[in-house]
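Okay, coords15.cif now, which holds mmCIF, C-alpha atoms and all ligand atoms; chains and numbers go by the auth columns:
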```cif
data_target
#
loop_
_atom_site.group_PDB
_atom_site.id
_atom_site.type_symbol
_atom_site.label_atom_id
_atom_site.label_comp_id
_atom_site.label_asym_id
_atom_site.label_seq_id
_atom_site.Cartn_x
_atom_site.Cartn_y
_atom_site.Cartn_z
_atom_site.B_iso_or_equiv
_atom_site.auth_seq_id
_atom_site.auth_asym_id
ATOM 1 C CA MET A 1 10.817 10.074 -4.844 0.00 257 C
ATOM 2 C CA PHE A 2 9.114 13.339 -4.268 0.00 258 C
ATOM 3 C CA ASP A 3 6.072 14.885 -2.646 0.00 259 C
ATOM 4 C CA SER A 4 4.962 18.422 -1.877 0.00 260 C
ATOM 5 C CA GLY A 5 6.186 17.757 1.651 0.00 261 C
ATOM 6 C CA LEU A 6 6.441 14.868 4.067 0.00 262 C
ATOM 7 C CA GLY A 7 3.304 12.919 3.152 0.00 263 C
ATOM 8 C CA GLY A 8 5.311 10.659 0.865 0.00 264 C
ATOM 9 C CA LEU A 9 7.472 9.509 3.796 0.00 265 C
ATOM 10 C CA THR A 10 4.616 7.100 4.558 0.00 266 C
ATOM 11 C CA VAL A 11 5.193 5.583 1.114 0.00 267 C
ATOM 12 C CA LEU A 12 8.961 5.617 1.550 0.00 268 C
ATOM 13 C CA GLU A 13 8.585 3.535 4.711 0.00 269 C
ATOM 14 C CA THR A 14 6.596 0.887 2.820 0.00 270 C
ATOM 15 C CA LEU A 15 9.103 0.944 -0.045 0.00 271 C
ATOM 16 C CA ARG A 16 12.143 0.575 2.175 0.00 272 C
ATOM 17 C CA ALA A 17 10.528 -2.338 3.987 0.00 273 C
ATOM 18 C CA ARG A 18 9.931 -4.086 0.665 0.00 274 C
ATOM 19 C CA LEU A 19 13.200 -3.115 -1.024 0.00 275 C
ATOM 20 C CA PRO A 20 15.746 -2.708 1.799 0.00 276 C
ATOM 21 C CA THR A 21 18.810 -2.830 -0.452 0.00 277 C
ATOM 22 C CA GLU A 22 17.690 -0.067 -2.817 0.00 278 C
ATOM 23 C CA ASP A 23 19.055 3.482 -2.459 0.00 279 C
ATOM 24 C CA PHE A 24 16.396 6.144 -1.984 0.00 280 C
ATOM 25 C CA ILE A 25 16.441 9.904 -2.411 0.00 281 C
ATOM 26 C CA TYR A 26 13.366 11.654 -1.070 0.00 282 C
ATOM 27 C CA PHE A 27 12.694 15.265 -2.020 0.00 283 C
ATOM 28 C CA ALA A 28 10.109 17.244 -0.045 0.00 284 C
ATOM 29 C CA ASP A 29 9.037 20.343 -1.968 0.00 285 C
ATOM 30 C CA THR A 30 8.205 22.107 1.278 0.00 286 C
ATOM 31 C CA ALA A 31 8.711 25.615 -0.120 0.00 287 C
ATOM 32 C CA HIS A 32 5.777 24.934 -2.461 0.00 288 C
ATOM 33 C CA LEU A 33 3.472 23.042 -0.091 0.00 289 C
ATOM 34 C CA PRO A 34 0.524 22.625 -0.546 0.00 290 C
ATOM 35 C CA TYR A 35 0.260 21.381 -4.131 0.00 291 C
ATOM 36 C CA GLY A 36 -3.415 20.673 -3.607 0.00 292 C
ATOM 37 C CA ASP A 37 -4.502 24.308 -3.846 0.00 293 C
ATOM 38 C CA LYS A 38 -2.137 25.324 -6.674 0.00 294 C
ATOM 39 C CA PRO A 39 -2.861 25.558 -10.402 0.00 295 C
ATOM 40 C CA GLU A 40 -2.142 22.405 -12.358 0.00 296 C
ATOM 41 C CA GLU A 41 0.606 24.078 -14.447 0.00 297 C
ATOM 42 C CA VAL A 42 2.503 25.033 -11.284 0.00 298 C
ATOM 43 C CA VAL A 43 2.424 21.479 -9.909 0.00 299 C
ATOM 44 C CA ARG A 44 3.444 20.127 -13.325 0.00 300 C
ATOM 45 C CA ALA A 45 6.377 22.545 -13.619 0.00 301 C
ATOM 46 C CA ARG A 46 7.573 21.695 -10.096 0.00 302 C
ATOM 47 C CA SER A 47 7.275 17.962 -10.791 0.00 303 C
ATOM 48 C CA LEU A 48 9.327 18.279 -13.982 0.00 304 C
ATOM 49 C CA ALA A 49 12.029 20.387 -12.342 0.00 305 C
ATOM 50 C CA ILE A 50 12.337 18.012 -9.377 0.00 306 C
ATOM 51 C CA THR A 51 12.389 14.940 -11.620 0.00 307 C
ATOM 52 C CA ASN A 52 15.169 16.390 -13.773 0.00 308 C
ATOM 53 C CA ASN A 53 17.183 17.151 -10.673 0.00 309 C
ATOM 54 C CA LEU A 54 16.728 13.599 -9.351 0.00 310 C
ATOM 55 C CA LEU A 55 17.776 12.185 -12.738 0.00 311 C
ATOM 56 C CA GLU A 56 20.920 14.324 -12.708 0.00 312 C
ATOM 57 C CA ARG A 57 21.710 12.743 -9.346 0.00 313 C
ATOM 58 C CA GLY A 58 21.471 9.294 -10.921 0.00 314 C
ATOM 59 C CA ALA A 59 17.884 8.207 -10.182 0.00 315 C
ATOM 60 C CA LYS A 60 17.047 5.010 -12.077 0.00 316 C
ATOM 61 C CA ALA A 61 13.317 5.355 -11.428 0.00 317 C
ATOM 62 C CA ILE A 62 11.010 8.120 -10.237 0.00 318 C
ATOM 63 C CA VAL A 63 8.259 7.541 -7.688 0.00 319 C
ATOM 64 C CA ILE A 64 5.637 10.266 -7.521 0.00 320 C
ATOM 65 C CA ALA A 65 4.728 9.899 -3.844 0.00 321 C
ATOM 66 C CA CYS A 66 1.958 12.455 -4.164 0.00 322 C
ATOM 67 C CA ASN A 67 -1.528 11.938 -5.576 0.00 323 C
ATOM 68 C CA THR A 68 -1.799 15.608 -6.545 0.00 324 C
ATOM 69 C CA ALA A 69 1.435 15.575 -8.551 0.00 325 C
ATOM 70 C CA THR A 70 0.342 12.348 -10.238 0.00 326 C
ATOM 71 C CA ALA A 71 -2.909 13.981 -11.330 0.00 327 C
ATOM 72 C CA ALA A 72 -1.102 17.030 -12.682 0.00 328 C
ATOM 73 C CA ALA A 73 2.114 15.596 -14.070 0.00 329 C
ATOM 74 C CA ALA A 74 2.362 11.785 -14.397 0.00 330 C
ATOM 75 C CA GLU A 75 1.581 11.804 -18.125 0.00 331 C
ATOM 76 C CA SER A 76 3.956 14.676 -18.919 0.00 332 C
ATOM 77 C CA LEU A 77 6.753 13.029 -16.941 0.00 333 C
ATOM 78 C CA ARG A 78 6.270 9.710 -18.712 0.00 334 C
ATOM 79 C CA ASN A 79 6.415 11.482 -22.070 0.00 335 C
ATOM 80 C CA ALA A 80 9.456 13.518 -21.099 0.00 336 C
ATOM 81 C CA ILE A 81 11.802 10.936 -19.591 0.00 337 C
ATOM 82 C CA GLU A 82 13.088 7.436 -20.296 0.00 338 C
ATOM 83 C CA VAL A 83 13.286 5.902 -16.811 0.00 339 C
ATOM 84 C CA PRO A 84 10.260 4.223 -15.160 0.00 340 C
ATOM 85 C CA VAL A 85 7.807 6.623 -13.510 0.00 341 C
ATOM 86 C CA ILE A 86 5.695 4.991 -10.809 0.00 342 C
ATOM 87 C CA ALA A 87 2.811 7.202 -9.827 0.00 343 C
ATOM 88 C CA LEU A 88 0.646 6.905 -6.772 0.00 344 C
ATOM 89 C CA GLU A 89 -3.080 7.536 -7.156 0.00 345 C
ATOM 90 C CA PRO A 90 -6.198 7.096 -4.997 0.00 346 C
ATOM 91 C CA ALA A 91 -7.001 3.408 -4.361 0.00 347 C
ATOM 92 C CA VAL A 92 -10.465 3.529 -5.932 0.00 348 C
ATOM 93 C CA LYS A 93 -10.129 0.114 -7.574 0.00 349 C
ATOM 94 C CA PRO A 94 -9.262 -1.805 -4.366 0.00 350 C
ATOM 95 C CA ALA A 95 -11.950 0.174 -2.523 0.00 351 C
ATOM 96 C CA VAL A 96 -14.582 -0.995 -5.008 0.00 352 C
ATOM 97 C CA SER A 97 -13.619 -4.639 -4.501 0.00 353 C
ATOM 98 C CA LEU A 98 -13.624 -4.243 -0.709 0.00 354 C
ATOM 99 C CA SER A 99 -16.935 -2.411 -0.497 0.00 355 C
ATOM 100 C CA ARG A 100 -20.079 -4.387 0.366 0.00 356 C
ATOM 101 C CA ARG A 101 -22.585 -1.601 -0.005 0.00 357 C
ATOM 102 C CA GLY A 102 -20.876 0.174 -2.905 0.00 358 C
ATOM 103 C CA MET A 103 -20.573 3.414 -0.924 0.00 359 C
ATOM 104 C CA ILE A 104 -17.046 4.782 -1.118 0.00 360 C
ATOM 105 C CA GLY A 105 -15.597 7.979 0.320 0.00 361 C
ATOM 106 C CA VAL A 106 -12.425 9.546 -1.044 0.00 362 C
ATOM 107 C CA LEU A 107 -10.447 12.108 0.953 0.00 363 C
ATOM 108 C CA ALA A 108 -7.977 13.986 -1.241 0.00 364 C
ATOM 109 C CA THR A 109 -6.842 17.429 -2.275 0.00 365 C
ATOM 110 C CA THR A 110 -9.042 19.640 -4.410 0.00 366 C
ATOM 111 C CA ARG A 111 -6.507 19.457 -7.248 0.00 367 C
ATOM 112 C CA THR A 112 -6.630 15.638 -7.247 0.00 368 C
ATOM 113 C CA LEU A 113 -10.406 15.347 -7.102 0.00 369 C
ATOM 114 C CA TYR A 114 -11.061 17.894 -9.855 0.00 370 C
ATOM 115 C CA SER A 115 -8.521 16.365 -12.227 0.00 371 C
ATOM 116 C CA ARG A 116 -9.260 14.572 -15.496 0.00 372 C
ATOM 117 C CA ARG A 117 -7.195 11.681 -14.175 0.00 373 C
ATOM 118 C CA PHE A 118 -9.457 11.179 -11.158 0.00 374 C
ATOM 119 C CA GLU A 119 -12.521 11.420 -13.389 0.00 375 C
ATOM 120 C CA ARG A 120 -11.086 8.650 -15.585 0.00 376 C
ATOM 121 C CA LEU A 121 -10.142 6.570 -12.527 0.00 377 C
ATOM 122 C CA VAL A 122 -13.755 6.701 -11.341 0.00 378 C
ATOM 123 C CA GLN A 123 -15.155 6.006 -14.815 0.00 379 C
ATOM 124 C CA THR A 124 -12.886 2.983 -15.197 0.00 380 C
ATOM 125 C CA HIS A 125 -13.203 1.410 -11.755 0.00 381 C
ATOM 126 C CA ALA A 126 -16.289 2.616 -9.910 0.00 382 C
ATOM 127 C CA GLN A 127 -18.661 0.177 -11.655 0.00 383 C
ATOM 128 C CA ASN A 128 -21.935 0.580 -9.751 0.00 384 C
ATOM 129 C CA ALA A 129 -20.381 2.035 -6.620 0.00 385 C
ATOM 130 C CA ARG A 130 -21.192 5.577 -5.503 0.00 386 C
ATOM 131 C CA ILE A 131 -18.125 7.714 -4.930 0.00 387 C
ATOM 132 C CA PHE A 132 -18.279 10.508 -2.347 0.00 388 C
ATOM 133 C CA ALA A 133 -15.313 12.729 -3.150 0.00 389 C
ATOM 134 C CA GLN A 134 -14.401 15.010 -0.248 0.00 390 C
ATOM 135 C CA PRO A 135 -11.801 17.715 -0.957 0.00 391 C
ATOM 136 C CA CYS A 136 -9.733 18.616 2.101 0.00 392 C
ATOM 137 C CA PRO A 137 -8.213 22.087 1.591 0.00 393 C
ATOM 138 C CA ALA A 138 -5.547 23.090 4.126 0.00 394 C
ATOM 139 C CA LEU A 139 -5.354 19.645 5.767 0.00 395 C
ATOM 140 C CA ALA A 140 -1.947 18.513 4.430 0.00 396 C
ATOM 141 C CA GLU A 141 -0.427 21.845 5.404 0.00 397 C
ATOM 142 C CA ALA A 142 -1.954 21.722 8.897 0.00 398 C
ATOM 143 C CA ILE A 143 -0.609 18.197 9.445 0.00 399 C
ATOM 144 C CA GLU A 144 2.907 19.439 8.669 0.00 400 C
ATOM 145 C CA LEU A 145 2.552 22.551 10.798 0.00 401 C
ATOM 146 C CA GLU A 146 0.933 21.001 13.847 0.00 402 C
ATOM 147 C CA GLY A 147 1.446 17.246 13.699 0.00 403 C
ATOM 148 C CA ALA A 148 -1.421 14.785 13.952 0.00 404 C
ATOM 149 C CA GLU A 149 -2.850 16.162 17.195 0.00 405 C
ATOM 150 C CA GLY A 150 -3.157 19.875 16.451 0.00 406 C
ATOM 151 C CA ASP A 151 -6.363 21.884 16.936 0.00 407 C
ATOM 152 C CA THR A 152 -6.621 22.928 13.291 0.00 408 C
ATOM 153 C CA VAL A 153 -6.058 19.333 12.188 0.00 409 C
ATOM 154 C CA ARG A 154 -8.855 18.146 14.507 0.00 410 C
ATOM 155 C CA ALA A 155 -11.247 20.838 13.307 0.00 411 C
ATOM 156 C CA LEU A 156 -10.509 20.092 9.649 0.00 412 C
ATOM 157 C CA LEU A 157 -10.952 16.361 10.204 0.00 413 C
ATOM 158 C CA ASP A 158 -14.320 16.990 11.862 0.00 414 C
ATOM 159 C CA ARG A 159 -15.355 19.038 8.861 0.00 415 C
ATOM 160 C CA TYR A 160 -14.121 16.614 6.178 0.00 416 C
ATOM 161 C CA VAL A 161 -14.739 13.174 7.672 0.00 417 C
ATOM 162 C CA ARG A 162 -18.210 13.766 9.114 0.00 418 C
ATOM 163 C CA PRO A 163 -19.928 14.092 5.691 0.00 419 C
ATOM 164 C CA LEU A 164 -18.560 10.671 4.750 0.00 420 C
ATOM 165 C CA ALA A 165 -19.906 9.135 7.963 0.00 421 C
ATOM 166 C CA LEU A 166 -23.296 10.764 7.279 0.00 422 C
ATOM 167 C CA ALA A 167 -23.264 9.398 3.727 0.00 423 C
ATOM 168 C CA GLU A 168 -22.826 5.926 5.286 0.00 424 C
ATOM 169 C CA VAL A 169 -19.805 4.985 3.217 0.00 425 C
ATOM 170 C CA ASP A 170 -18.325 1.582 4.029 0.00 426 C
ATOM 171 C CA VAL A 171 -14.832 2.191 2.585 0.00 427 C
ATOM 172 C CA VAL A 172 -12.745 5.365 2.765 0.00 428 C
ATOM 173 C CA VAL A 173 -9.823 5.958 0.410 0.00 429 C
ATOM 174 C CA LEU A 174 -6.929 8.061 1.697 0.00 430 C
ATOM 175 C CA GLY A 175 -6.203 9.853 -1.571 0.00 431 C
ATOM 176 C CA CYS A 176 -3.405 12.054 -0.223 0.00 432 C
ATOM 177 C CA THR A 177 -0.206 10.688 1.270 0.00 433 C
ATOM 178 C CA HIS A 178 -0.307 13.210 4.128 0.00 434 C
ATOM 179 C CA TYR A 179 -3.545 11.737 5.480 0.00 435 C
ATOM 180 C CA LEU A 180 -1.836 8.516 6.522 0.00 436 C
ATOM 181 C CA TRP A 181 -0.315 10.498 9.367 0.00 437 C
ATOM 182 C CA VAL A 182 -3.819 11.018 10.746 0.00 438 C
ATOM 183 C CA MET A 183 -5.322 7.631 9.909 0.00 439 C
ATOM 184 C CA PRO A 184 -6.269 6.835 13.559 0.00 440 C
ATOM 185 C CA ALA A 185 -8.005 10.211 13.899 0.00 441 C
ATOM 186 C CA ILE A 186 -9.902 9.563 10.651 0.00 442 C
ATOM 187 C CA ALA A 187 -10.881 6.064 11.824 0.00 443 C
ATOM 188 C CA ALA A 188 -12.088 7.505 15.143 0.00 444 C
ATOM 189 C CA ARG A 189 -14.559 9.718 13.260 0.00 445 C
ATOM 190 C CA LEU A 190 -16.082 6.814 11.319 0.00 446 C
ATOM 191 C CA PRO A 191 -18.133 3.792 12.404 0.00 447 C
ATOM 192 C CA LYS A 192 -15.860 0.868 13.375 0.00 448 C
ATOM 193 C CA GLU A 193 -16.772 -1.310 10.418 0.00 449 C
ATOM 194 C CA VAL A 194 -15.649 1.261 7.825 0.00 450 C
ATOM 195 C CA LYS A 195 -12.481 0.120 6.055 0.00 451 C
ATOM 196 C CA ILE A 196 -9.720 2.584 5.221 0.00 452 C
ATOM 197 C CA VAL A 197 -7.445 1.993 2.242 0.00 453 C
ATOM 198 C CA ASP A 198 -4.364 3.661 0.788 0.00 454 C
ATOM 199 C CA SER A 199 -2.027 3.015 -2.133 0.00 455 C
ATOM 200 C CA GLY A 200 1.338 2.498 -0.389 0.00 456 C
ATOM 201 C CA GLU A 201 1.608 -1.294 -0.765 0.00 457 C
ATOM 202 C CA ALA A 202 0.372 -1.241 -4.363 0.00 458 C
ATOM 203 C CA VAL A 203 2.998 1.355 -5.272 0.00 459 C
ATOM 204 C CA ALA A 204 5.765 -0.605 -3.546 0.00 460 C
ATOM 205 C CA ARG A 205 4.790 -3.737 -5.502 0.00 461 C
ATOM 206 C CA GLN A 206 4.749 -1.728 -8.719 0.00 462 C
ATOM 207 C CA VAL A 207 8.186 -0.217 -8.042 0.00 463 C
ATOM 208 C CA GLU A 208 9.630 -3.682 -7.435 0.00 464 C
ATOM 209 C CA LYS A 209 8.029 -5.029 -10.604 0.00 465 C
ATOM 210 C CA ARG A 210 9.285 -2.166 -12.791 0.00 466 C
ATOM 211 C CA LEU A 211 12.822 -2.401 -11.383 0.00 467 C
ATOM 212 C CA GLN A 212 12.791 -6.160 -11.998 0.00 468 C
ATOM 213 C CA GLU A 213 11.596 -5.686 -15.573 0.00 469 C
ATOM 214 C CA GLU A 214 14.405 -3.230 -16.273 0.00 470 C
ATOM 215 C CA SER A 215 16.998 -5.350 -14.390 0.00 471 C
ATOM 216 C CA PHE A 216 17.555 -2.274 -12.224 0.00 472 C
ATOM 217 C CA LEU A 217 17.278 -3.955 -8.803 0.00 473 C
ATOM 218 C CA GLY A 218 20.161 -3.505 -6.387 0.00 474 C
ATOM 219 C CA GLY A 219 21.851 -0.815 -4.337 0.00 475 C
ATOM 220 C CA GLY A 220 23.365 -0.253 -0.928 0.00 476 C
ATOM 221 C CA GLY A 221 20.278 0.590 1.126 0.00 477 C
ATOM 222 C CA ALA A 222 21.266 4.270 1.412 0.00 478 C
ATOM 223 C CA PHE A 223 18.797 7.049 2.114 0.00 479 C
ATOM 224 C CA ARG A 224 18.982 10.799 1.485 0.00 480 C
ATOM 225 C CA LEU A 225 16.400 13.366 2.329 0.00 481 C
ATOM 226 C CA ALA A 226 16.286 16.847 0.846 0.00 482 C
ATOM 227 C CA THR A 227 13.922 19.789 0.840 0.00 483 C
ATOM 228 C CA SER A 228 13.316 23.094 -0.914 0.00 484 C
ATOM 229 C CA GLY A 229 12.291 24.513 2.489 0.00 485 C
ATOM 230 C CA ASP A 230 14.164 25.078 5.718 0.00 486 C
ATOM 231 C CA PRO A 231 16.032 21.837 6.582 0.00 487 C
ATOM 232 C CA ALA A 232 15.958 22.522 10.333 0.00 488 C
ATOM 233 C CA SER A 233 12.198 22.956 10.521 0.00 489 C
ATOM 234 C CA VAL A 234 11.623 20.032 8.136 0.00 490 C
ATOM 235 C CA GLY A 235 13.785 17.940 10.491 0.00 491 C
ATOM 236 C CA GLN A 236 11.616 19.023 13.438 0.00 492 C
ATOM 237 C CA THR A 237 8.436 18.147 11.572 0.00 493 C
ATOM 238 C CA ILE A 238 9.813 14.690 10.799 0.00 494 C
ATOM 239 C CA GLN A 239 10.731 14.274 14.445 0.00 495 C
ATOM 240 C CA ARG A 240 7.170 15.174 15.412 0.00 496 C
ATOM 241 C CA LEU A 241 5.545 12.890 12.833 0.00 497 C
ATOM 242 C CA CYS A 242 7.910 9.902 12.831 0.00 498 C
ATOM 243 C CA GLY A 243 9.797 10.151 16.099 0.00 499 C
ATOM 244 C CA PHE A 244 13.267 10.336 14.557 0.00 500 C
ATOM 245 C CA ALA A 245 15.403 13.187 13.256 0.00 501 C
ATOM 246 C CA PRO A 246 17.234 12.416 10.021 0.00 502 C
ATOM 247 C CA ASP A 247 19.769 14.669 8.276 0.00 503 C
ATOM 248 C CA VAL A 248 17.942 16.941 5.878 0.00 504 C
ATOM 249 C CA GLU A 249 19.720 18.672 2.980 0.00 505 C
ATOM 250 C CA TYR A 250 18.652 21.899 1.319 0.00 506 C
ATOM 251 C CA TRP A 251 18.392 21.780 -2.470 0.00 507 C
ATOM 252 C CA ARG A 252 17.572 24.804 -4.552 0.00 508 C
ATOM 253 C CA ILE A 253 15.258 23.530 -7.298 0.00 509 C
HETATM 254 N N1 LIG B . 0.684 14.685 -0.281 0.00 601 N
HETATM 255 C C1 LIG B . 0.037 15.176 -1.432 0.00 601 N
HETATM 256 C C2 LIG B . -0.901 14.195 -2.073 0.00 601 N
HETATM 257 O O1 LIG B . -0.710 12.980 -1.921 0.00 601 N
HETATM 258 C C3 LIG B . -0.514 16.579 -1.488 0.00 601 N
HETATM 259 C C4 LIG B . -0.568 17.479 -0.340 0.00 601 N
HETATM 260 C C5 LIG B . -0.576 18.919 -0.815 0.00 601 N
HETATM 261 O O2 LIG B . 0.517 19.414 -1.065 0.00 601 N
HETATM 262 O O3 LIG B . -1.653 19.520 -0.981 0.00 601 N
HETATM 263 O O4 LIG B . -1.817 14.547 -2.750 0.00 601 N
#
```
Spell out the structure here as structure tokens.
Amino acid sequence: MFDSGLGGLTVLETLRARLPTEDFIYFADTAHLPYGDKPEEVVRARSLAITNNLLERGAKAIVIACNTATAAAAESLRNAIEVPVIALEPAVKPAVSLSRRGMIGVLATTRTLYSRRFERLVQTHAQNARIFAQPCPALAEAIELEGAEGDTVRALLDRYVRPLALAEVDVVVLGCTHYLWVMPAIAARLPKEVKIVDSGEAVARQVEKRLQEESFLGGGGAFRLATSGDPASVGQTIQRLCGFAPDVEYWRI
């Protein structure tokens, strides 16, 4: 699995709960965070390099635990490699079925929201719903730097969530894995009845299904975490976000 940073750990948690005997390697591309404000070619090149490295280490499937990398690279990865690629993307389809008023907000990175893939996702699933797409520059990075309670995080959430409340959306899609870390703060800025959805469970189901189809299920329940950034500070960030401090390896990719 990989993400630009630690957002995908929220997905890893869901995956490990569903598939406790699988072995997981999680790569946080911290040295290149944020993906959301980078050109598409850069995110695609990083995704390919990381995927090749994970395959060399024996990965039997690749999970793109990052909506931005999915938008930029899922198709190229699927064309380039043989093993299953499971790619997370904003939960627009479930949001449409949950919505009563057909007013849906999507919080995601600029790169995700301006991608062809997101445009197609909306064309395919929005039906008559109105989609309010709210780019959130700098938010993922601030969450990693400050944790969920930081001043910059609060200010950015005020700026990005308020327009959705004013638009009277009744469902909000968390279209970036980092935003799950601040879900309560997002909920606090919206009327109580607004539902918030993400793609973690759907991805976990999909991973299980693909592994079953390939007869790939089974492992020892091991877990490795690596980063392109500074392992000590990544460890501290994990401690702040998740309350535990795992071993973090440095990989030059
Ligand atoms: N966590 C990533 C996502 O799901 C992107 C954050 C970033 O690097 O901008 O889109």
Check which residues satisfy the PyMOL selection byres (((chain C and resi 365-380) around 8) and not hetatm) in the file shown, then give them as a PyMOL selection string.
chain C and resi 291-296+323-324+327-328+348+363-364+381-383+387+389-393+431-432
Just so the selection is clear, what residues does the PyMOL selection byres (((chain C and resi 267) around 8) and not hetatm) cover here, as a ChimeraX atom specification?
/C:263-266,268-271,321,433,456-457,459-460
Pick from C:Ala287, C:Val417, C:Ile281, C:Ala330 nearest to Ser489 (chain C), counting all atoms listed in the file:
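Selected residue with least distance to Ser489 (chain C): C:Ala287.
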Identify which of the residues C:Leu413, C:Ile509, C:Ala336, C:Ile399 lies closest to Arg302 (chain C), counting only C-alpha atoms when measuring atom-to-atom distances.
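The answer is C:Ile509, which sits nearest to Arg302 (chain C).
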Resolved residues for the PyMOL selection byres (((chain C and resi 313) around 12) and not hetatm) as an mmCIF file with C-alpha atoms, in the frame of the given file:
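See part.cif below for the written result:
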```
data_model
loop_
_atom_site.group_PDB
_atom_site.id
_atom_site.type_symbol
_atom_site.label_atom_id
_atom_site.label_comp_id
_atom_site.auth_asym_id
_atom_site.auth_seq_id
_atom_site.Cartn_x
_atom_site.Cartn_y
_atom_site.Cartn_z
ATOM 1 C CA ASP C 279 19.055 3.482 -2.459
ATOM 2 C CA PHE C 280 16.396 6.144 -1.984
ATOM 3 C CA ILE C 281 16.441 9.904 -2.411
ATOM 4 C CA TYR C 282 13.366 11.654 -1.070
ATOM 5 C CA PHE C 283 12.694 15.265 -2.020
ATOM 6 C CA ILE C 306 12.337 18.012 -9.377
ATOM 7 C CA THR C 307 12.389 14.940 -11.620
ATOM 8 C CA ASN C 308 15.169 16.390 -13.773
ATOM 9 C CA ASN C 309 17.183 17.151 -10.673
ATOM 10 C CA LEU C 310 16.728 13.599 -9.351
ATOM 11 C CA LEU C 311 17.776 12.185 -12.738
ATOM 12 C CA GLU C 312 20.920 14.324 -12.708
ATOM 13 C CA GLY C 314 21.471 9.294 -10.921
ATOM 14 C CA ALA C 315 17.884 8.207 -10.182
ATOM 15 C CA LYS C 316 17.047 5.010 -12.077
ATOM 16 C CA ALA C 317 13.317 5.355 -11.428
ATOM 17 C CA ILE C 318 11.010 8.120 -10.237
ATOM 18 C CA ARG C 480 18.982 10.799 1.485
ATOM 19 C CA TRP C 507 18.392 21.780 -2.470
#
```
To one decimal in Å, tell me the separation between CA of Gly406 (chain C) and CA of Arg496 (chain C).
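Between these atoms lies a distance of 11.4 Å.
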What gap, in Å, lies between CA of Ala284 (chain C) and CA of Thr483 (chain C)?
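For CA of Ala284 (chain C) relative to CA of Thr483 (chain C), the distance reads 4.7 Å.
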Work out how far apart CA of Val427 (chain C) and CA of Glu400 (chain C) are and give it in Å to one decimal.
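Rounded to one decimal, the two atoms are 25.5 Å apart.
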Rank nothing, just name the residue among C:Val409, C:Tyr416, C:His434, C:Leu354 nearest to ligand LIG 601 (chain N), using all atoms listed in the file.
C:His434
Up to 12 Å from (18.3, -4.5, -10.3) in the file's coordinates: name the residues, counting only C-alpha atoms, as a PyMOL selection string.
chain C and resi 275+277-279+316-317+463-476
Which of C:Val450, C:Ile494, C:Ala394, C:Val319 sits closest to ligand LIG 601 (chain N) [using only C-alpha atoms and all ligand atoms]
C:Ala394
Quick one: of C:Asp285, C:Asp426, C:Glu338, C:Asp414, who's nearest to ligand LIG 601 (chain N), counting all atoms listed in the file?
C:Asp285
Go through C:Pro346, C:Gly403, C:Pro487, C:Pro502 and flag the residue nearest ligand LIG 601 (chain N), using only C-alpha atoms and all ligand atoms for the distances.
C:Pro346
Given 3 Å on each side, where is the centre and what are the edge lengths in Å to one decimal of the axis-aligned box enclosing the listed atoms of region 406-413 of chain C, as JSON?
```
{"center_x": -7.2, "center_y": 19.6, "center_z": 13.3, "size_x": 14.1, "size_y": 12.6, "size_z": 13.3}
```
